[in-house]
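Visitor: Provided herewith: model-v2.txt, compact mmCIF, C-alpha atoms and all ligand atoms.
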```
# COMPACT_ATOMS: atom_id res chain seq x y z
CA MET I 1 67.76 -50.46 -36.29
CA SER I 2 69.80 -49.64 -33.27
CA PRO I 3 70.23 -45.94 -32.76
CA ALA I 4 70.67 -46.64 -29.07
CA ARG I 5 74.06 -48.16 -29.65
CA GLU I 6 75.59 -45.19 -31.36
CA GLY I 7 77.51 -43.04 -28.99
CA GLY I 8 76.86 -45.45 -26.18
CA GLU I 9 79.64 -46.50 -23.89
CA GLN I 10 80.55 -50.12 -24.19
CA ARG I 11 82.18 -52.31 -21.66
CA SER I 12 82.10 -55.99 -21.00
CA ALA I 13 81.73 -57.61 -17.66
CA ASN I 14 82.15 -61.24 -16.90
CA GLN I 15 80.06 -61.91 -13.82
CA GLY I 16 81.60 -65.21 -12.78
CA GLU I 17 82.10 -68.64 -14.29
CA THR I 18 78.47 -69.58 -14.82
CA SER I 19 77.43 -66.12 -15.98
CA PRO I 20 76.99 -65.16 -19.58
CA LEU I 21 79.00 -62.31 -21.03
CA ILE I 22 77.18 -59.08 -20.51
CA LEU I 23 77.79 -56.00 -22.63
CA PHE I 24 76.75 -52.69 -21.19
CA PHE I 25 75.91 -49.61 -23.07
CA LYS I 26 74.11 -46.57 -21.85
CA ASP I 27 71.20 -45.49 -23.96
CA LYS I 28 71.34 -41.74 -23.64
CA THR I 29 68.24 -41.03 -25.68
CA MET I 30 65.95 -43.30 -23.77
CA GLU I 31 67.48 -43.16 -20.31
CA TYR I 32 68.16 -46.87 -20.01
CA GLU I 33 71.34 -48.80 -19.48
CA ILE I 34 70.86 -51.72 -21.81
CA SER I 35 72.77 -54.95 -21.34
CA LYS I 36 72.83 -58.08 -23.39
CA ILE I 37 72.48 -61.46 -21.72
CA ASP I 38 72.71 -63.31 -25.03
CA GLU I 39 71.89 -62.66 -28.67
CA GLN I 40 68.15 -62.67 -27.97
CA THR I 41 67.90 -61.45 -24.39
CA TRP I 42 68.39 -57.93 -23.07
CA VAL I 43 68.26 -56.23 -19.69
CA LEU I 44 67.02 -52.65 -19.52
CA SER I 45 68.05 -50.93 -16.30
CA GLU I 46 66.55 -47.83 -14.88
CA GLY I 47 68.28 -46.97 -11.62
CA PHE I 48 67.33 -49.59 -9.05
CA VAL I 49 64.85 -51.42 -11.25
CA ARG I 50 65.30 -53.44 -14.41
CA PHE I 51 63.17 -55.23 -16.96
CA PHE I 52 63.82 -57.65 -19.78
CA LEU I 53 63.36 -58.11 -23.50
CA ILE I 54 63.14 -61.77 -24.50
CA ALA I 55 63.04 -62.63 -28.19
CA GLY I 56 62.19 -65.86 -29.99
CA LYS I 57 62.02 -66.48 -33.73
CA ASN I 58 58.54 -65.02 -34.19
CA GLU I 59 58.00 -62.47 -31.49
CA ALA I 60 59.53 -60.80 -28.46
CA LEU I 61 58.24 -60.39 -24.95
CA LEU I 62 58.91 -57.30 -22.89
CA LEU I 63 58.85 -58.46 -19.28
CA ASP I 64 57.83 -55.35 -17.28
CA THR I 65 58.36 -51.71 -18.21
CA GLY I 66 60.18 -50.18 -15.23
CA MET I 67 59.36 -46.83 -13.67
CA ASN I 68 59.23 -45.23 -17.10
CA VAL I 69 61.73 -42.44 -16.84
CA GLY I 70 62.17 -43.35 -20.48
CA LYS I 71 60.20 -45.09 -23.19
CA ALA I 72 60.13 -48.82 -22.69
CA LEU I 73 58.38 -49.79 -25.92
CA GLU I 74 60.61 -47.55 -28.02
CA ALA I 75 63.69 -49.00 -26.37
CA ALA I 76 62.45 -52.54 -27.06
CA LYS I 77 61.80 -51.68 -30.71
CA SER I 78 65.34 -50.35 -31.05
CA LEU I 79 66.62 -53.79 -30.10
CA THR I 80 64.39 -56.08 -32.18
CA SER I 81 62.34 -55.85 -35.34
CA LEU I 82 59.95 -58.59 -34.11
CA PRO I 83 56.48 -57.73 -32.79
CA VAL I 84 56.73 -56.97 -29.06
CA ARG I 85 54.17 -58.18 -26.54
CA LEU I 86 54.05 -57.01 -22.94
CA MET I 87 53.99 -59.22 -19.86
CA ASN I 88 54.18 -58.08 -16.23
CA THR I 89 55.82 -60.12 -13.48
CA HIS I 90 53.53 -58.14 -11.16
CA ALA I 91 51.91 -54.73 -11.01
CA ASP I 92 53.90 -52.71 -8.47
CA PRO I 93 54.54 -49.18 -9.78
CA ASP I 94 58.22 -49.81 -10.53
CA HIS I 95 57.26 -52.53 -13.03
CA ILE I 96 54.42 -50.97 -15.03
CA GLY I 97 55.64 -47.43 -15.73
CA GLY I 98 55.79 -47.87 -19.50
CA ASN I 99 52.65 -50.02 -19.86
CA LYS I 100 50.64 -47.15 -21.29
CA ASP I 101 52.28 -47.58 -24.70
CA PHE I 102 50.76 -51.06 -25.10
CA SER I 103 47.16 -52.00 -25.90
CA GLU I 104 47.38 -55.40 -24.20
CA VAL I 105 49.22 -56.83 -21.24
CA LEU I 106 49.76 -60.44 -20.19
CA MET I 107 49.53 -60.90 -16.44
CA HIS I 108 48.15 -63.30 -13.87
CA ALA I 109 44.44 -62.77 -13.16
CA ALA I 110 45.15 -62.49 -9.43
CA GLU I 111 47.19 -59.35 -10.13
CA GLU I 112 44.36 -57.35 -11.65
CA GLU I 113 43.35 -55.65 -8.38
CA ASN I 114 46.94 -54.58 -7.69
CA TYR I 115 47.20 -53.29 -11.26
CA ILE I 116 44.03 -51.22 -10.99
CA GLN I 117 45.11 -49.84 -7.60
CA HIS I 118 48.28 -48.59 -9.24
CA GLY I 119 46.37 -46.84 -11.99
CA SER I 120 46.90 -49.58 -14.60
CA GLY I 121 50.25 -48.03 -15.50
CA GLY I 122 48.44 -44.89 -16.62
CA GLY I 123 46.90 -46.63 -19.60
CA LYS I 124 43.91 -48.61 -20.75
CA ASN I 125 45.47 -51.91 -21.68
CA LYS I 126 43.38 -55.02 -21.99
CA ILE I 127 44.50 -57.65 -19.51
CA LEU I 128 45.16 -61.05 -21.08
CA PRO I 129 45.33 -63.47 -18.16
CA VAL I 130 48.04 -66.11 -18.00
CA SER I 131 47.97 -69.07 -15.66
CA ASP I 132 50.38 -71.28 -13.80
CA GLY I 133 52.12 -73.82 -16.04
CA GLU I 134 51.02 -72.17 -19.28
CA VAL I 135 53.71 -72.12 -21.98
CA ILE I 136 54.06 -69.20 -24.37
CA ASP I 137 56.23 -70.00 -27.37
CA LEU I 138 58.01 -66.99 -28.82
CA GLY I 139 59.22 -69.15 -31.72
CA GLU I 140 61.66 -71.88 -30.71
CA ARG I 141 61.74 -70.24 -27.32
CA PRO I 142 59.09 -71.71 -25.03
CA MET I 143 58.53 -69.68 -21.87
CA GLN I 144 56.62 -71.21 -18.95
CA ILE I 145 54.56 -69.19 -16.50
CA VAL I 146 55.20 -70.00 -12.85
CA TRP I 147 52.68 -68.47 -10.46
CA ILE I 148 54.54 -67.36 -7.33
CA PRO I 149 52.12 -65.35 -5.16
CA GLY I 150 53.26 -63.66 -1.94
CA HIS I 151 55.15 -60.54 -2.93
CA THR I 152 51.86 -59.72 -4.67
CA PRO I 153 48.84 -62.01 -5.26
CA GLY I 154 49.51 -62.46 -8.98
CA SER I 155 53.31 -62.42 -9.08
CA ILE I 156 54.70 -64.68 -11.78
CA GLY I 157 58.10 -65.98 -12.72
CA LEU I 158 59.04 -67.00 -16.23
CA LEU I 159 61.01 -70.14 -16.98
CA ASP I 160 63.00 -69.95 -20.19
CA ILE I 161 62.84 -73.71 -20.78
CA LYS I 162 65.59 -74.12 -23.39
CA ARG I 163 68.04 -71.52 -22.11
CA ARG I 164 67.53 -72.59 -18.47
CA TYR I 165 66.95 -69.03 -17.23
CA PHE I 166 64.41 -68.08 -14.59
CA PHE I 167 63.04 -64.55 -14.57
CA SER I 168 61.97 -64.13 -10.97
CA GLY I 169 60.37 -60.67 -10.81
CA ASP I 170 60.77 -59.47 -7.21
CA THR I 171 60.36 -62.87 -5.60
CA VAL I 172 63.94 -64.15 -5.76
CA GLN I 173 66.48 -61.38 -5.38
CA GLN I 174 69.98 -61.16 -3.92
CA GLY I 175 71.69 -58.27 -2.16
CA SER I 176 68.43 -56.39 -2.17
CA GLU I 177 65.59 -55.19 0.02
CA ILE I 178 62.43 -57.18 -0.63
CA TYR I 179 59.22 -55.26 0.07
CA MET I 180 56.93 -57.51 2.08
CA PHE I 181 54.87 -54.96 4.03
CA GLY I 182 51.55 -53.33 3.33
CA PRO I 183 48.50 -54.44 1.37
CA GLN I 184 48.78 -57.24 -1.19
CA ARG I 185 51.80 -58.83 0.48
CA ASN I 186 51.59 -62.26 2.09
CA ILE I 187 54.80 -63.59 3.58
CA THR I 188 53.51 -67.13 4.18
CA GLN I 189 52.54 -67.38 0.51
CA PHE I 190 55.92 -65.86 -0.35
CA ALA I 191 57.65 -68.69 1.55
CA ALA I 192 55.45 -71.29 -0.19
CA SER I 193 56.37 -69.78 -3.56
CA LEU I 194 60.09 -69.92 -2.72
CA GLU I 195 59.58 -73.59 -1.89
CA LYS I 196 57.89 -74.08 -5.27
CA ILE I 197 60.80 -72.39 -7.08
CA GLU I 198 63.34 -74.42 -5.11
CA LYS I 199 61.60 -77.66 -6.15
CA MET I 200 62.01 -76.75 -9.83
CA SER I 201 65.53 -75.36 -9.51
CA ASP I 202 66.95 -78.29 -11.51
CA LYS I 203 65.31 -76.61 -14.52
CA PHE I 204 67.43 -73.43 -14.56
CA ASP I 205 71.04 -72.30 -14.10
CA LEU I 206 70.62 -68.54 -13.78
CA ILE I 207 68.04 -66.27 -12.19
CA PHE I 208 67.34 -62.79 -13.50
CA ALA I 209 65.66 -60.57 -10.90
CA CYS I 210 64.24 -57.08 -11.27
CA HIS I 211 66.38 -55.67 -8.43
CA GLY I 212 69.67 -56.49 -6.70
CA GLN I 213 72.43 -58.61 -8.21
CA LEU I 214 72.41 -59.78 -11.80
CA PRO I 215 72.37 -62.63 -12.39
CA VAL I 216 71.61 -64.64 -9.26
CA LYS I 217 72.57 -68.26 -8.77
CA PRO I 218 69.90 -70.79 -7.74
CA SER I 219 71.83 -71.47 -4.52
CA VAL I 220 70.34 -68.27 -3.08
CA ILE I 221 66.84 -69.80 -3.02
CA PRO I 222 67.28 -72.11 0.01
CA GLU I 223 69.04 -69.28 1.86
CA LEU I 224 66.22 -66.83 1.18
CA LEU I 225 63.62 -69.48 2.03
CA ALA I 226 65.28 -70.36 5.35
CA GLY I 227 65.57 -66.64 6.19
CA THR I 228 61.92 -66.03 5.33
CA LYS I 229 60.82 -68.92 7.55
CA LYS I 230 62.87 -67.45 10.40
CA VAL I 231 61.26 -64.05 9.91
CA ILE I 232 57.80 -65.67 9.99
CA ALA I 233 58.71 -67.53 13.17
CA GLY I 234 59.85 -64.24 14.76
CA GLU I 235 63.44 -65.47 15.02
CA VAL I 236 65.06 -62.54 13.20
CA GLU I 237 65.51 -59.35 15.17
CA GLY I 238 64.41 -56.54 12.89
CA GLN I 239 65.45 -52.89 12.76
CA ALA I 240 62.50 -50.52 13.08
CA ARG I 241 62.10 -48.17 10.12
CA GLU I 242 59.47 -45.92 8.68
CA MET I 243 58.54 -46.16 5.00
CA PHE I 244 55.75 -44.29 3.24
CA GLY I 245 54.39 -43.33 6.67
CA THR I 246 54.20 -46.94 7.86
CA LYS I 247 56.22 -48.50 10.67
CA ILE I 248 58.01 -51.53 9.35
CA MET I 249 60.81 -53.88 10.37
CA ALA I 250 63.91 -54.48 8.29
CA CYS I 251 64.95 -58.12 8.81
CA ASP I 252 68.42 -59.01 7.56
CA VAL I 253 68.50 -62.65 6.44
CA GLY I 254 71.99 -62.60 4.92
CA CYS I 255 71.28 -62.76 1.20
CA ASP I 256 68.64 -60.01 1.42
CA VAL I 257 66.81 -57.71 3.80
CA LEU I 258 63.09 -58.45 4.13
CA LEU I 259 61.01 -55.36 4.85
CA VAL I 260 58.00 -56.60 6.76
CA GLY I 261 54.93 -55.20 8.50
CA ASP I 262 52.65 -57.26 10.71
CA ILE I 263 53.48 -60.89 10.16
CA ILE I 264 50.36 -62.97 9.95
CA THR I 265 50.57 -66.71 10.52
CA TYR I 266 47.90 -69.36 10.06
CA ARG I 267 47.05 -72.51 11.98
CA ARG I 268 44.10 -74.74 12.84
CA LEU I 269 41.87 -74.03 15.83
CA THR I 270 42.49 -76.26 18.86
CA GLU I 271 40.47 -76.81 22.01
CA ALA I 272 42.86 -74.48 23.88
CA ASP I 273 41.71 -71.56 21.67
CA LEU I 274 38.01 -72.09 22.31
CA ASP I 275 37.44 -69.36 24.93
CA THR I 276 38.90 -66.64 22.69
CA PHE I 277 37.31 -68.10 19.57
CA ILE I 278 33.85 -68.16 21.20
CA GLN I 279 34.20 -64.57 22.47
CA MET I 280 35.07 -63.44 18.94
CA ARG I 281 32.13 -65.39 17.53
CA ILE I 282 29.70 -63.77 19.99
CA THR I 283 31.06 -60.28 19.27
CA GLN I 284 30.56 -60.98 15.58
CA LEU I 285 26.99 -62.24 16.02
CA ARG I 286 26.17 -59.17 18.13
CA GLU I 287 27.69 -56.90 15.46
CA GLU I 288 25.53 -58.64 12.88
CA GLY I 289 22.49 -57.67 14.96
CA ALA I 290 21.76 -60.54 17.38
CA LYS I 291 19.63 -59.09 20.23
CA GLU I 292 18.63 -62.24 22.15
CA ASN I 293 19.31 -61.92 25.82
CA PHE I 294 20.84 -65.23 26.88
CA ASP I 295 24.26 -66.77 27.22
CA LEU I 296 25.28 -68.68 24.08
CA VAL I 297 28.72 -69.63 25.40
CA PRO I 298 27.90 -73.09 26.87
CA ALA I 299 26.06 -74.18 23.70
CA LEU I 300 28.88 -72.99 21.45
CA LYS I 301 31.51 -74.63 23.62
CA ASP I 302 29.62 -77.91 23.57
CA TYR I 303 29.25 -77.75 19.78
CA TYR I 304 32.89 -76.93 19.03
CA LYS I 305 34.26 -79.52 21.48
CA ARG I 306 32.18 -82.37 20.04
CA HIS I 307 32.69 -81.50 16.41
CA LEU I 308 36.40 -80.71 16.66
CA LEU I 309 36.76 -84.16 18.20
CA ASP I 310 34.84 -86.09 15.52
CA GLY I 311 36.30 -83.98 12.68
CA THR I 312 33.00 -82.48 11.47
CA PHE I 313 34.07 -78.94 12.33
CA VAL I 314 37.36 -77.40 11.32
CA SER I 315 38.61 -73.85 11.64
CA TRP I 316 41.71 -72.00 10.50
CA LEU I 317 42.92 -68.99 12.48
CA ALA I 318 45.04 -66.01 11.46
CA LEU I 319 47.42 -64.73 14.14
CA ASP I 320 49.59 -61.69 14.67
CA GLY I 321 52.08 -63.08 17.18
CA ASN I 322 49.85 -64.92 19.66
CA LYS I 323 46.82 -62.76 19.01
CA ILE I 324 43.97 -64.24 16.95
CA ILE I 325 43.01 -61.62 14.38
CA GLY I 326 41.00 -63.70 11.92
CA THR I 327 38.77 -66.77 12.08
CA SER I 328 37.02 -69.14 9.74
CA GLY I 329 34.90 -72.25 10.17
CA MET I 330 33.63 -75.18 8.13
CA SER I 331 31.07 -77.72 9.39
CA PHE I 332 30.53 -80.93 7.49
CA VAL I 333 27.02 -82.32 7.10
CA GLU I 334 25.66 -85.23 5.11
CA LYS I 335 22.46 -85.26 3.06
CA PRO I 336 21.09 -88.09 0.94
CA PRO I 337 23.31 -87.91 -2.17
CA TYR I 338 21.86 -86.08 -5.15
CA PHE I 339 23.03 -85.60 -8.72
CA GLY I 340 24.64 -82.24 -8.01
CA CYS I 341 26.54 -83.74 -5.05
CA PRO I 342 26.95 -87.53 -5.32
CA SER I 343 28.86 -87.75 -2.02
CA GLY I 344 25.99 -86.03 -0.20
CA ARG I 345 28.65 -84.24 1.83
CA ILE I 346 28.25 -80.51 2.17
CA GLY I 347 30.46 -77.92 3.84
CA LEU I 348 28.73 -75.12 5.74
CA LEU I 349 30.90 -72.05 5.99
CA SER I 350 30.68 -69.96 9.16
CA SER I 351 32.66 -67.74 11.53
CA MET I 352 34.44 -65.78 8.78
CA PHE I 353 35.78 -62.80 10.68
CA THR I 354 38.79 -60.48 10.42
CA ASN I 355 39.72 -57.90 13.03
CA PRO I 356 38.98 -54.48 11.44
CA ASP I 357 42.61 -53.34 11.98
CA TYR I 358 43.78 -56.15 9.71
CA ARG I 359 41.34 -55.92 6.84
CA ARG I 360 42.31 -55.51 3.17
CA LYS I 361 45.45 -57.60 3.57
CA GLY I 362 44.10 -60.76 1.96
CA ILE I 363 43.66 -62.50 5.33
CA ALA I 364 39.97 -63.43 4.85
CA LYS I 365 40.77 -64.81 1.40
CA GLU I 366 43.59 -66.93 2.79
CA LEU I 367 41.35 -68.25 5.60
CA LEU I 368 38.56 -68.99 3.13
CA HIS I 369 40.97 -70.85 0.89
CA ARG I 370 42.18 -73.00 3.76
CA VAL I 371 38.72 -74.09 4.93
CA VAL I 372 37.58 -74.67 1.33
CA GLU I 373 40.55 -77.03 0.91
CA GLU I 374 39.49 -78.80 4.14
CA ALA I 375 36.02 -79.33 2.63
CA ARG I 376 37.56 -80.69 -0.55
CA ALA I 377 39.71 -83.11 1.47
CA TYR I 378 36.60 -84.25 3.42
CA GLY I 379 34.92 -85.14 0.13
CA CYS I 380 32.33 -82.37 0.08
CA GLY I 381 30.61 -81.77 -3.24
CA ALA I 382 29.48 -78.25 -2.35
CA ILE I 383 29.94 -75.48 0.15
CA GLN I 384 27.07 -73.34 1.31
CA ILE I 385 26.92 -70.03 3.06
CA THR I 386 24.50 -67.29 3.87
CA ALA I 387 26.86 -64.39 3.38
CA SER I 388 26.72 -60.99 4.97
CA ASP I 389 26.94 -58.09 2.54
CA MET I 390 30.56 -57.54 3.45
CA GLY I 391 31.47 -61.12 2.63
CA VAL I 392 29.73 -61.31 -0.72
CA LYS I 393 32.53 -59.59 -2.61
CA LEU I 394 35.11 -61.99 -1.20
CA TYR I 395 32.99 -65.08 -1.94
CA THR I 396 32.13 -63.92 -5.45
CA ALA I 397 35.80 -63.24 -6.20
CA TYR I 398 36.59 -66.72 -4.95
CA GLY I 399 34.05 -68.30 -7.27
CA PHE I 400 30.95 -68.73 -5.13
CA VAL I 401 27.68 -68.23 -7.03
CA HIS I 402 24.21 -67.36 -5.82
CA ASN I 403 21.97 -70.39 -5.74
CA GLY I 404 18.58 -68.88 -5.10
CA ASN I 405 17.78 -67.72 -1.58
CA PHE I 406 18.11 -70.07 1.30
CA MET I 407 14.82 -70.98 2.91
CA GLN I 408 14.36 -72.04 6.47
CA TYR I 409 11.54 -73.69 8.42
CA LYS I 410 11.61 -72.85 12.08
CA LEU I 411 10.63 -75.55 14.54
ZN ZN Z 1 59.90 -54.12 -7.73
```
I'd like the structure from this file rewritten - as structure tokens, please.

Guide:
Amino acid sequence: MSPAREGGEQRSANQGETSPLILFFKDKTMEYEISKIDEQTWVLSEGFVRFFLIAGKNEALLLDTGMNVGKALEAAKSLTSLPVRLMNTHADPDHIGGNKDFSEVLMHAAEEENYIQHGSGGGKNKILPVSDGEVIDLGERPMQIVWIPGHTPGSIGLLDIKRRYFFSGDTVQQGSEIYMFGPQRNITQFAASLEKIEKMSDKFDLIFACHGQLPVKPSVIPELLAGTKKVIAGEVEGQAREMFGTKIMACDVGCDVLLVGDIITYRRLTEADLDTFIQMRITQLREEGAKENFDLVPALKDYYKRHLLDGTFVSWLALDGNKIIGTSGMSFVEKPPYFGCPSGRIGLLSSMFTNPDYRRKGIAKELLHRVVEEARAYGCGAIQITASDMGVKLYTAYGFVHNGNFMQYKL
């Protein structure tokens, strides 16, 4: 059944030597311009945003649902008679507009918060989590999930293994403006994800993005990656702009324009940072209610100096320019090995702090992740913390579990 085709305008466009033939026809009833990439792959365009219908022998996958000026599910059903499942590359509003017509949605678990914040596409779909590396076979058409966080925490790309296509969501685009400001965005993760995609670029010939040019050649990836690294390093002069009431910078990197807010970078604490680090630690302890009237600075300085030197204390910092806006700390201690921790090595988490102006941007989570990885590398079998109420949510989301109450004997 293809009522959409009747009365539609048809034209063909050959987008270059390596591009497939694309047929355009405007679907007047459902407000989409629908293009065919091949016999089993369609692009549905809705102004500046597009989404994809990918069919195998047994079922079809609708990758995103646009802004929903039209009816995404109905449009998909006009193109295939196979059962249609929904998957989201991520949950920004321009990708989930037609989700409400589905009862289930495949997405990365890390995207759930973003999805809920955007009203779950106006529906009540059950989230079926997918994970990095997982392969979904549509029937002689295996599709591999590639987790590419940064644009949003649970952004995914989809590798069409046999056809050598890569559906990149908003992560790889060309000739477009990539939104990297505001909550949920993390430009350092974005750069790491571009690196990940570049490493696997021998597996695909064409990239299909949700905005900008269609299709995109893999050669844009190193260009976008290099540009992103320059933006992070502060080497691209941006144009100030205001968007949705927020001051942002538009950074032209050639292939795209990155729209960025505060750029947060991460590095390990060094001895040169100690004065600032200690002041922040004391402010935090006071905020948590410490009333004792003596100077803790010399004792802290002595501790950090000794343990930075012998490697039994490590800290990652978050910075906005040169300003430290987030801290973390992990001390390594050794107990007689026990069955739950045969190495006897335990990481004690401390100094988790984010400047209030920078909260809800995923900074604490990123810092936590970095010190947890340090503990893993040190050979720790467990990490312990006595968490403040504010931290509990973060630690629980990360996978920490309550292990009774800590007890202490004071000497
Ligand atoms: Zn988008």

Visitor: With distances taken over only C-alpha atoms and all ligand atoms, which residue among I:Leu138, I:Leu309, I:Val43, I:Val172 lies nearest ligand ZN 1 (chain Z)?

Guide: I:Val172

Visitor: In Å to one decimal, how far is CA of Thr89 (chain I) from CA of Ser35 (chain I)?

Guide: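 Going from CA of Ser35 (chain I) over to CA of Thr89 (chain I), I get 19.4 Å.
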
Visitor: Got a sec to check which residues lie within 8 Å of ligand ZN 1 (chain Z), using all atoms listed in the file, and send them as a list in words?

Guide: Val49, Asp92, Pro93, Asp94, His95, Gly169, Asp170, Tyr179, Cys210 and His211 of chain I

Visitor: Given the point (43.1, -70.5, 10.8) in the file's coordinates, find the residues that have an atom at most 7 Å from it, counting all atoms listed in the file, and give them as a list of chain:residue names.

Guide: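 Protein and nucleic acid residues near the point are I:Tyr266, I:Arg267, I:Arg268, I:Leu269, I:Ser315, I:Trp316, I:Leu317, I:Ala318, I:Thr327, I:Ser328, I:Leu367.
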
Visitor: At what distance in Å, to one decimal, does CA of Leu53 (chain I) lie from CA of Glu31 (chain I)?

Guide: 15.8 Å

Visitor: Rank I:Tyr398, I:Leu368, I:Val260, I:Arg306 by their smallest atom-to-atom distance to Thr246 (chain I), using all atoms listed in the file, and report the top residue only.

Guide: I:Val260

Visitor: Quick one: everything within 12 Å of region 296-301 of chain I, counting all atoms listed in the file, minus sequence neighbours fewer than 5 positions away in the same chain. Send it as an MDAnalysis selection string.

Guide: chainID I and resid 271:283 285:286 290:291 306:308 351

Visitor: Quick one: axis-aligned box around all listed atoms of region 349-352 of chain I, 5 Å on every side, centre and edge lengths in Å to one decimal, written as lines of an AutoDock Vina configuration file.

Guide:
```
center_x = 32.6
center_y = -68.9
center_z = 8.8
size_x = 13.8
size_y = 16.3
size_z = 15.5
```

Visitor: Any idea what's packed within 8 Å of region 214-216 of chain I, counting only C-alpha atoms, ignoring anything in its chain fewer than 2 positions away? Could you give it as a ChimeraX atom specification?

Guide: /I:15,19,173-174,206-209,212,218,220

Visitor: Residues within 7 Å of (24.3, -84.6, 5.8), file coordinates, counting all atoms listed in the file: what are they? Give the list as a list in words.

Guide: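 It turns out the residues near that spot are Val333, Glu334, Lys335, Pro336, Gly344, Arg345 and Ile346 of chain I.
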
Visitor: Keeping C-alpha atoms, export the residues of the selection given above as a CSV table (one decimal), in the coordinates of the input.

Guide:
```
chain,number,residue,atom,x,y,z
I,333,VAL,CA,27.0,-82.3,7.1
I,334,GLU,CA,25.7,-85.2,5.1
I,335,LYS,CA,22.5,-85.3,3.1
I,336,PRO,CA,21.1,-88.1,0.9
I,344,GLY,CA,26.0,-86.0,-0.2
I,345,ARG,CA,28.6,-84.2,1.8
I,346,ILE,CA,28.2,-80.5,2.2
```

Visitor: For CA of Ala191 (chain I) and CA of Pro142 (chain I), quote the distance in Å rounded to one decimal.

Guide: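 Spanning CA of Ala191 (chain I) to CA of Pro142 (chain I) is a straight-line distance of 26.8 Å.
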
Visitor: Skipping near chain neighbours, those fewer than 6 positions away, what residues fall within 12 Å of Asp64 (chain I) using only C-alpha atoms, listed as an MDAnalysis selection string?

Guide: chainID I and resid 43:46 49:54 72:73 76 84:100 102 105:107 121 155:158 167:170 209:210

Visitor: Pick the closest to Asp137 (chain I) from I:Asn58, I:Thr152, I:Gln384, I:Ser219: which is it, counting all atoms listed in the file?

Guide: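 The answer is I:Asn58, which sits nearest to Asp137 (chain I).
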